[in-house]
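Engineer: Got a structure for you, written out below as structure tokens; questions coming shortly.
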Amino acid sequence: MSDWLPETPRTLAFPTAAYVTLAGADWLASASPHPDEMHALWATRPAAPSALPCGTAFDVINAPALFGRRMVDRLWSDGPGSGPVAAHRGRILLFAAPGTAQRLPALLVWEEWATAVPPLLCHGSGDAVTIPPLHPRRSPAVDRTAGAGAPAGEDPAGPSASRWLVAPDVRNPWLPGPDVLLWACVRAARSLAGPAAETAAQHPVSLLTAG
């Protein structure tokens with residue numbers, strides 16, 4: 001794997017937005033065949049998770065928590081950044097460009113580090129995913145914790161809670177494709193294997209530039 005990076009927007013500061021904006025809600029609703037019904041649901045149940053179909057507005061790559069967080073960290077520290085990212089029931093959901101769910105597993109088959117990548121759940125056309133509430137609930141306990149350095153609205157005692165790590169905040173967010181997420185998978189696998197593995201086997205991979 002080379003250090004090739006696509007020419008896409010890059011932000012070095014890891015975003016911590018926990019709230020979906022109105023524009024972000026419009027984008028999420030566009031995944032549904034009935035976007036107005038999604039907006040009505042969110043208006044009446046703002047603190048409840050909801051389900052959206054994949055394959056049109058986005059695909060979702062569903063990774064174990066530790067590995068998924070390593071992928072996101074690599075995307076923001078060394079790569080082009082990520083699209084929206086959520087945590088749900090101990091898993092990390094990376095929102096990706098449509099078609100990624102089908103293509104990423106095929107790319108991983110040919111990658112020498114594939115055995116170090118834990119099984120990923122790739123949700124594409126015909127699948128649906130549960131997304132976190134647009135606005136997380138806040139409790140008095142959370143408010144007290146926020147004063148001690150925790151972000152307001154985030155419950156540090158709930159690692160399995162459904163919440164946004166990178167909330168959608170624009171109508172057409174940039175979404176990583178299969179080549180970018182392959183790069184992130186390999187970097188995450190190397191980082192978990194140790195410092196020596198992180199710098200080993202640097203070589204170009206033609207699959208990254210394949211059509």
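Chain lettering (A, B, ...) mirrors the order of the structure tokens, residue numbering begins at 1 for each chain separately, and ligand numbering begins at 1 in order of display.
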Neighbouring residues of A:Ala128 were defined as those with any atom within 9 Å, considering only C-alpha atoms; residues of the same chain fewer than 3 positions away were excluded. Please report them as a count of residues only.
Structural biologist: 8
Engineer: Give me the residues near A:Trp113 as an NGL selection string, where near means some atom within 8 Å (using only C-alpha atoms) and where sequence neighbours in that chain fewer than 6 positions away do not count.
Structural biologist: :A and (186 or 189-190)
Engineer: Using DSSP assignments from the backbone, pull out every residue in stretch 35-166 of chain A that falls under helix (DSSP H, G or I) and give it to me as a PyMOL selection string.
Structural biologist: chain A and resi 35-44+65-77+100-109+114-116+140-146
Engineer: As a tab-separated table (two decimals) with all heavy atoms, in the first residue's frame, list the residues of stretch 3-141 of chain A assigned to strand (DSSP E) by DSSP on the backbone atoms of this structure.
Structural biologist:
```tsv
chain	number	residue	atom	x	y	z
A	50	SER	N	-33.55	6.08	14.16
A	50	SER	CA	-34.44	5.80	13.05
A	50	SER	C	-33.69	4.97	12.01
A	50	SER	O	-32.46	4.87	12.06
A	50	SER	CB	-34.98	7.10	12.43
A	50	SER	OG	-33.91	7.99	12.13
A	51	ALA	N	-34.42	4.39	11.08
A	51	ALA	CA	-33.83	3.53	10.06
A	51	ALA	C	-33.92	4.19	8.70
A	51	ALA	O	-34.94	4.80	8.35
A	51	ALA	CB	-34.52	2.18	10.03
A	52	LEU	N	-32.84	4.06	7.92
A	52	LEU	CA	-32.80	4.62	6.57
A	52	LEU	C	-32.23	3.58	5.61
A	52	LEU	O	-31.33	2.82	5.97
A	52	LEU	CB	-31.93	5.88	6.53
A	52	LEU	CG	-32.51	7.14	7.15
A	52	LEU	CD1	-31.46	8.25	7.16
A	52	LEU	CD2	-33.76	7.61	6.38
A	53	PRO	N	-32.73	3.56	4.38
A	53	PRO	CA	-32.19	2.63	3.38
A	53	PRO	C	-30.85	3.12	2.84
A	53	PRO	O	-30.59	4.33	2.76
A	53	PRO	CB	-33.26	2.63	2.29
A	53	PRO	CG	-33.92	3.96	2.40
A	53	PRO	CD	-33.89	4.32	3.86
A	59	ASP	N	-23.85	4.59	1.15
A	59	ASP	CA	-23.66	3.24	1.69
A	59	ASP	C	-23.08	3.41	3.08
A	59	ASP	O	-22.66	4.51	3.46
A	59	ASP	CB	-22.69	2.42	0.83
A	59	ASP	CG	-23.35	1.89	-0.44
A	59	ASP	OD1	-24.55	2.15	-0.65
A	59	ASP	OD2	-22.63	1.24	-1.24
A	60	VAL	N	-23.03	2.34	3.85
A	60	VAL	CA	-22.47	2.39	5.19
A	60	VAL	C	-21.52	1.21	5.38
A	60	VAL	O	-21.88	0.07	5.09
A	60	VAL	CB	-23.57	2.36	6.28
A	60	VAL	CG1	-22.95	2.16	7.66
A	60	VAL	CG2	-24.38	3.65	6.25
A	61	ILE	N	-20.32	1.51	5.86
A	61	ILE	CA	-19.37	0.47	6.25
A	61	ILE	C	-19.39	0.39	7.76
A	61	ILE	O	-19.12	1.36	8.46
A	61	ILE	CB	-17.95	0.78	5.73
A	61	ILE	CG1	-17.98	0.99	4.21
A	61	ILE	CG2	-16.99	-0.33	6.12
A	61	ILE	CD1	-18.55	-0.18	3.42
A	62	ASN	N	-19.72	-0.79	8.27
A	62	ASN	CA	-19.98	-1.03	9.69
A	62	ASN	C	-18.81	-1.83	10.26
A	62	ASN	O	-18.61	-2.99	9.88
A	62	ASN	CB	-21.31	-1.79	9.78
A	62	ASN	CG	-21.76	-2.07	11.19
A	62	ASN	OD1	-20.93	-2.19	12.10
A	62	ASN	ND2	-23.06	-2.23	11.39
A	63	ALA	N	-18.04	-1.22	11.14
A	63	ALA	CA	-16.81	-1.83	11.66
A	63	ALA	C	-16.87	-1.99	13.17
A	63	ALA	O	-17.56	-1.23	13.86
A	63	ALA	CB	-15.60	-0.96	11.28
A	64	PRO	N	-16.13	-2.97	13.72
A	64	PRO	CA	-16.00	-3.05	15.18
A	64	PRO	C	-15.47	-1.74	15.75
A	64	PRO	O	-14.72	-1.03	15.08
A	64	PRO	CB	-15.00	-4.20	15.38
A	64	PRO	CG	-15.08	-5.01	14.13
A	64	PRO	CD	-15.37	-4.04	13.03
A	85	VAL	N	-20.02	10.02	10.47
A	85	VAL	CA	-19.64	8.82	11.20
A	85	VAL	C	-20.53	8.72	12.44
A	85	VAL	O	-20.74	9.72	13.13
A	85	VAL	CB	-18.16	8.84	11.62
A	85	VAL	CG1	-17.81	7.56	12.39
A	85	VAL	CG2	-17.25	9.01	10.42
A	86	ALA	N	-21.02	7.52	12.71
A	86	ALA	CA	-21.86	7.32	13.89
A	86	ALA	C	-21.36	6.12	14.68
A	86	ALA	O	-20.68	5.24	14.15
A	86	ALA	CB	-23.32	7.10	13.47
A	87	ALA	N	-21.68	6.11	15.97
A	87	ALA	CA	-21.45	4.95	16.82
A	87	ALA	C	-22.81	4.37	17.17
A	87	ALA	O	-23.73	5.10	17.54
A	87	ALA	CB	-20.70	5.35	18.09
A	88	HIS	N	-22.93	3.04	17.02
A	88	HIS	CA	-24.22	2.40	17.30
A	88	HIS	C	-23.98	1.00	17.82
A	88	HIS	O	-23.41	0.16	17.13
A	88	HIS	CB	-25.08	2.36	16.03
A	88	HIS	CG	-26.44	1.74	16.25
A	88	HIS	ND1	-27.41	2.34	17.02
A	88	HIS	CD2	-26.97	0.57	15.80
A	88	HIS	CE1	-28.50	1.57	17.03
A	88	HIS	NE2	-28.24	0.49	16.31
A	91	ARG	N	-20.51	-0.46	17.56
A	91	ARG	CA	-19.95	-0.49	16.21
A	91	ARG	C	-19.78	0.95	15.70
A	91	ARG	O	-20.40	1.88	16.21
A	91	ARG	CB	-20.88	-1.24	15.26
A	91	ARG	CG	-21.31	-2.61	15.70
A	91	ARG	CD	-20.30	-3.67	15.39
A	91	ARG	NE	-20.07	-3.84	13.96
A	91	ARG	CZ	-19.32	-4.81	13.44
A	91	ARG	NH1	-18.72	-5.69	14.24
A	91	ARG	NH2	-19.15	-4.91	12.13
A	92	ILE	N	-18.91	1.10	14.71
A	92	ILE	CA	-18.71	2.39	14.06
A	92	ILE	C	-19.30	2.32	12.67
A	92	ILE	O	-19.00	1.40	11.89
A	92	ILE	CB	-17.21	2.75	13.98
A	92	ILE	CG1	-16.62	2.87	15.38
A	92	ILE	CG2	-17.03	4.06	13.21
A	92	ILE	CD1	-17.19	3.98	16.23
A	93	LEU	N	-20.16	3.27	12.33
A	93	LEU	CA	-20.79	3.34	11.02
A	93	LEU	C	-20.15	4.47	10.23
A	93	LEU	O	-20.27	5.64	10.59
A	93	LEU	CB	-22.29	3.60	11.16
A	93	LEU	CG	-23.08	2.68	12.10
A	93	LEU	CD1	-24.56	3.05	12.09
A	93	LEU	CD2	-22.89	1.22	11.72
A	94	LEU	N	-19.45	4.13	9.15
A	94	LEU	CA	-18.82	5.11	8.28
A	94	LEU	C	-19.69	5.27	7.04
A	94	LEU	O	-19.87	4.31	6.26
A	94	LEU	CB	-17.41	4.69	7.88
A	94	LEU	CG	-16.39	4.61	9.01
A	94	LEU	CD1	-16.22	3.16	9.47
A	94	LEU	CD2	-15.04	5.15	8.57
A	95	PHE	N	-20.23	6.45	6.83
A	95	PHE	CA	-21.06	6.71	5.67
A	95	PHE	C	-20.16	6.92	4.46
A	95	PHE	O	-19.20	7.70	4.50
A	95	PHE	CB	-21.96	7.93	5.92
A	95	PHE	CG	-23.09	7.63	6.88
A	95	PHE	CD1	-22.83	7.39	8.22
A	95	PHE	CD2	-24.40	7.58	6.42
A	95	PHE	CE1	-23.87	7.09	9.11
A	95	PHE	CE2	-25.44	7.29	7.30
A	95	PHE	CZ	-25.17	7.04	8.64
A	96	ALA	N	-20.47	6.21	3.38
A	96	ALA	CA	-19.60	6.17	2.21
A	96	ALA	C	-20.40	6.41	0.94
A	96	ALA	O	-21.64	6.40	0.96
A	96	ALA	CB	-18.89	4.81	2.14
A	121	LEU	N	-19.12	-5.17	8.01
A	121	LEU	CA	-20.46	-5.29	7.47
A	121	LEU	C	-20.66	-4.15	6.48
A	121	LEU	O	-20.56	-2.98	6.85
A	121	LEU	CB	-21.50	-5.22	8.59
A	121	LEU	CG	-21.33	-6.24	9.72
A	121	LEU	CD1	-22.42	-6.05	10.78
A	121	LEU	CD2	-21.38	-7.66	9.17
A	122	CYS	N	-20.92	-4.50	5.24
A	122	CYS	CA	-21.03	-3.49	4.18
A	122	CYS	C	-22.49	-3.38	3.75
A	122	CYS	O	-23.05	-4.32	3.17
A	122	CYS	CB	-20.14	-3.86	3.00
A	122	CYS	SG	-18.38	-3.95	3.42
A	123	HIS	N	-23.11	-2.26	4.06
A	123	HIS	CA	-24.53	-2.06	3.79
A	123	HIS	C	-24.70	-1.21	2.54
A	123	HIS	O	-24.28	-0.05	2.51
A	123	HIS	CB	-25.20	-1.37	4.97
A	123	HIS	CG	-24.97	-2.06	6.29
A	123	HIS	ND1	-25.50	-3.30	6.58
A	123	HIS	CD2	-24.25	-1.68	7.38
A	123	HIS	CE1	-25.13	-3.66	7.80
A	123	HIS	NE2	-24.38	-2.69	8.31
A	128	ALA	N	-30.71	-1.59	5.04
A	128	ALA	CA	-31.08	-0.41	5.83
A	128	ALA	C	-30.22	-0.38	7.07
A	128	ALA	O	-29.74	-1.42	7.54
A	128	ALA	CB	-32.56	-0.44	6.21
A	129	VAL	N	-29.98	0.81	7.60
A	129	VAL	CA	-29.19	0.97	8.81
A	129	VAL	C	-29.95	1.84	9.81
A	129	VAL	O	-30.78	2.67	9.43
A	129	VAL	CB	-27.81	1.62	8.54
A	129	VAL	CG1	-26.94	0.69	7.71
A	129	VAL	CG2	-27.96	2.98	7.87
A	130	THR	N	-29.66	1.60	11.08
A	130	THR	CA	-30.21	2.44	12.14
A	130	THR	C	-29.26	3.60	12.38
A	130	THR	O	-28.06	3.38	12.59
A	130	THR	CB	-30.39	1.64	13.43
A	130	THR	OG1	-31.31	0.56	13.18
A	130	THR	CG2	-30.96	2.52	14.54
A	131	ILE	N	-29.78	4.81	12.33
A	131	ILE	CA	-28.96	5.99	12.57
A	131	ILE	C	-29.30	6.58	13.94
A	131	ILE	O	-30.40	6.38	14.46
A	131	ILE	CB	-29.15	7.05	11.47
A	131	ILE	CG1	-30.58	7.61	11.51
A	131	ILE	CG2	-28.83	6.47	10.11
A	131	ILE	CD1	-30.75	8.87	10.68
```
Engineer: What are the nearest atom pairs, with distances in Å to one decimal, for all residues of stretch 22-137 of chain A that come at most 10 Å from stretch 162-183 of chain A, using only C-alpha atoms, set out by chain and rising residue number as JSON lines?
Structural biologist:
```
{"residue": "A:Leu22", "atom": "CA", "partner": "A:Asp169", "partner_atom": "CA", "distance": 7.4}
{"residue": "A:Ala23", "atom": "CA", "partner": "A:Arg171", "partner_atom": "CA", "distance": 4.7}
{"residue": "A:Gly24", "atom": "CA", "partner": "A:Asp169", "partner_atom": "CA", "distance": 4.3}
{"residue": "A:Ala25", "atom": "CA", "partner": "A:Pro168", "partner_atom": "CA", "distance": 7.4}
{"residue": "A:Asp26", "atom": "CA", "partner": "A:Arg171", "partner_atom": "CA", "distance": 6.3}
{"residue": "A:Trp27", "atom": "CA", "partner": "A:Arg171", "partner_atom": "CA", "distance": 5.0}
{"residue": "A:Leu28", "atom": "CA", "partner": "A:Pro168", "partner_atom": "CA", "distance": 8.0}
{"residue": "A:Ser30", "atom": "CA", "partner": "A:Arg171", "partner_atom": "CA", "distance": 9.4}
{"residue": "A:Ala48", "atom": "CA", "partner": "A:Ser162", "partner_atom": "CA", "distance": 9.4}
{"residue": "A:Pro49", "atom": "CA", "partner": "A:Ser162", "partner_atom": "CA", "distance": 7.5}
{"residue": "A:Ala57", "atom": "CA", "partner": "A:Asn172", "partner_atom": "CA", "distance": 9.2}
{"residue": "A:Phe58", "atom": "CA", "partner": "A:Leu175", "partner_atom": "CA", "distance": 7.8}
{"residue": "A:Asp59", "atom": "CA", "partner": "A:Leu175", "partner_atom": "CA", "distance": 9.2}
{"residue": "A:Ile61", "atom": "CA", "partner": "A:Leu181", "partner_atom": "CA", "distance": 8.8}
{"residue": "A:Arg69", "atom": "CA", "partner": "A:Leu165", "partner_atom": "CA", "distance": 9.7}
{"residue": "A:Met71", "atom": "CA", "partner": "A:Leu181", "partner_atom": "CA", "distance": 8.0}
{"residue": "A:Val72", "atom": "CA", "partner": "A:Leu181", "partner_atom": "CA", "distance": 9.5}
{"residue": "A:Arg74", "atom": "CA", "partner": "A:Trp183", "partner_atom": "CA", "distance": 9.2}
{"residue": "A:Leu75", "atom": "CA", "partner": "A:Val180", "partner_atom": "CA", "distance": 8.4}
{"residue": "A:Gly79", "atom": "CA", "partner": "A:Val180", "partner_atom": "CA", "distance": 8.3}
{"residue": "A:Pro80", "atom": "CA", "partner": "A:Val180", "partner_atom": "CA", "distance": 8.2}
{"residue": "A:Gly81", "atom": "CA", "partner": "A:Pro176", "partner_atom": "CA", "distance": 8.2}
{"residue": "A:Ser82", "atom": "CA", "partner": "A:Pro176", "partner_atom": "CA", "distance": 6.3}
{"residue": "A:Gly83", "atom": "CA", "partner": "A:Leu175", "partner_atom": "CA", "distance": 4.7}
{"residue": "A:Pro84", "atom": "CA", "partner": "A:Val166", "partner_atom": "CA", "distance": 4.9}
{"residue": "A:Val85", "atom": "CA", "partner": "A:Val166", "partner_atom": "CA", "distance": 4.8}
{"residue": "A:Ala86", "atom": "CA", "partner": "A:Trp164", "partner_atom": "CA", "distance": 4.3}
{"residue": "A:Ala87", "atom": "CA", "partner": "A:Arg163", "partner_atom": "CA", "distance": 5.4}
{"residue": "A:His88", "atom": "CA", "partner": "A:Ser162", "partner_atom": "CA", "distance": 4.3}
{"residue": "A:Arg89", "atom": "CA", "partner": "A:Ser162", "partner_atom": "CA", "distance": 6.4}
{"residue": "A:Gly90", "atom": "CA", "partner": "A:Ser162", "partner_atom": "CA", "distance": 8.5}
{"residue": "A:Arg91", "atom": "CA", "partner": "A:Ser162", "partner_atom": "CA", "distance": 9.3}
{"residue": "A:Ile92", "atom": "CA", "partner": "A:Leu165", "partner_atom": "CA", "distance": 9.0}
{"residue": "A:Leu93", "atom": "CA", "partner": "A:Trp164", "partner_atom": "CA", "distance": 9.3}
{"residue": "A:Leu94", "atom": "CA", "partner": "A:Pro176", "partner_atom": "CA", "distance": 8.9}
{"residue": "A:Phe95", "atom": "CA", "partner": "A:Leu175", "partner_atom": "CA", "distance": 6.7}
{"residue": "A:Ala96", "atom": "CA", "partner": "A:Leu175", "partner_atom": "CA", "distance": 4.9}
{"residue": "A:Ala97", "atom": "CA", "partner": "A:Leu175", "partner_atom": "CA", "distance": 5.1}
{"residue": "A:Pro98", "atom": "CA", "partner": "A:Gly177", "partner_atom": "CA", "distance": 7.9}
{"residue": "A:Gly99", "atom": "CA", "partner": "A:Gly177", "partner_atom": "CA", "distance": 7.9}
{"residue": "A:Thr100", "atom": "CA", "partner": "A:Pro178", "partner_atom": "CA", "distance": 4.9}
{"residue": "A:Ala101", "atom": "CA", "partner": "A:Pro178", "partner_atom": "CA", "distance": 7.8}
{"residue": "A:Gln102", "atom": "CA", "partner": "A:Pro178", "partner_atom": "CA", "distance": 8.7}
{"residue": "A:Arg103", "atom": "CA", "partner": "A:Pro178", "partner_atom": "CA", "distance": 6.2}
{"residue": "A:Leu104", "atom": "CA", "partner": "A:Pro178", "partner_atom": "CA", "distance": 4.9}
{"residue": "A:Pro105", "atom": "CA", "partner": "A:Pro178", "partner_atom": "CA", "distance": 8.7}
{"residue": "A:Ala106", "atom": "CA", "partner": "A:Pro178", "partner_atom": "CA", "distance": 9.5}
{"residue": "A:Leu107", "atom": "CA", "partner": "A:Leu182", "partner_atom": "CA", "distance": 7.2}
{"residue": "A:Leu108", "atom": "CA", "partner": "A:Leu182", "partner_atom": "CA", "distance": 6.8}
{"residue": "A:Glu111", "atom": "CA", "partner": "A:Leu182", "partner_atom": "CA", "distance": 8.6}
{"residue": "A:Ala114", "atom": "CA", "partner": "A:Leu182", "partner_atom": "CA", "distance": 9.6}
{"residue": "A:Thr130", "atom": "CA", "partner": "A:Ser162", "partner_atom": "CA", "distance": 8.9}
{"residue": "A:Ile131", "atom": "CA", "partner": "A:Ser162", "partner_atom": "CA", "distance": 7.5}
{"residue": "A:Pro132", "atom": "CA", "partner": "A:Ser162", "partner_atom": "CA", "distance": 5.0}
{"residue": "A:Pro133", "atom": "CA", "partner": "A:Arg163", "partner_atom": "CA", "distance": 6.8}
{"residue": "A:Leu134", "atom": "CA", "partner": "A:Trp164", "partner_atom": "CA", "distance": 8.1}
{"residue": "A:His135", "atom": "CA", "partner": "A:Arg163", "partner_atom": "CA", "distance": 8.7}
{"residue": "A:Pro136", "atom": "CA", "partner": "A:Arg163", "partner_atom": "CA", "distance": 6.9}
{"residue": "A:Arg137", "atom": "CA", "partner": "A:Arg163", "partner_atom": "CA", "distance": 9.9}
```
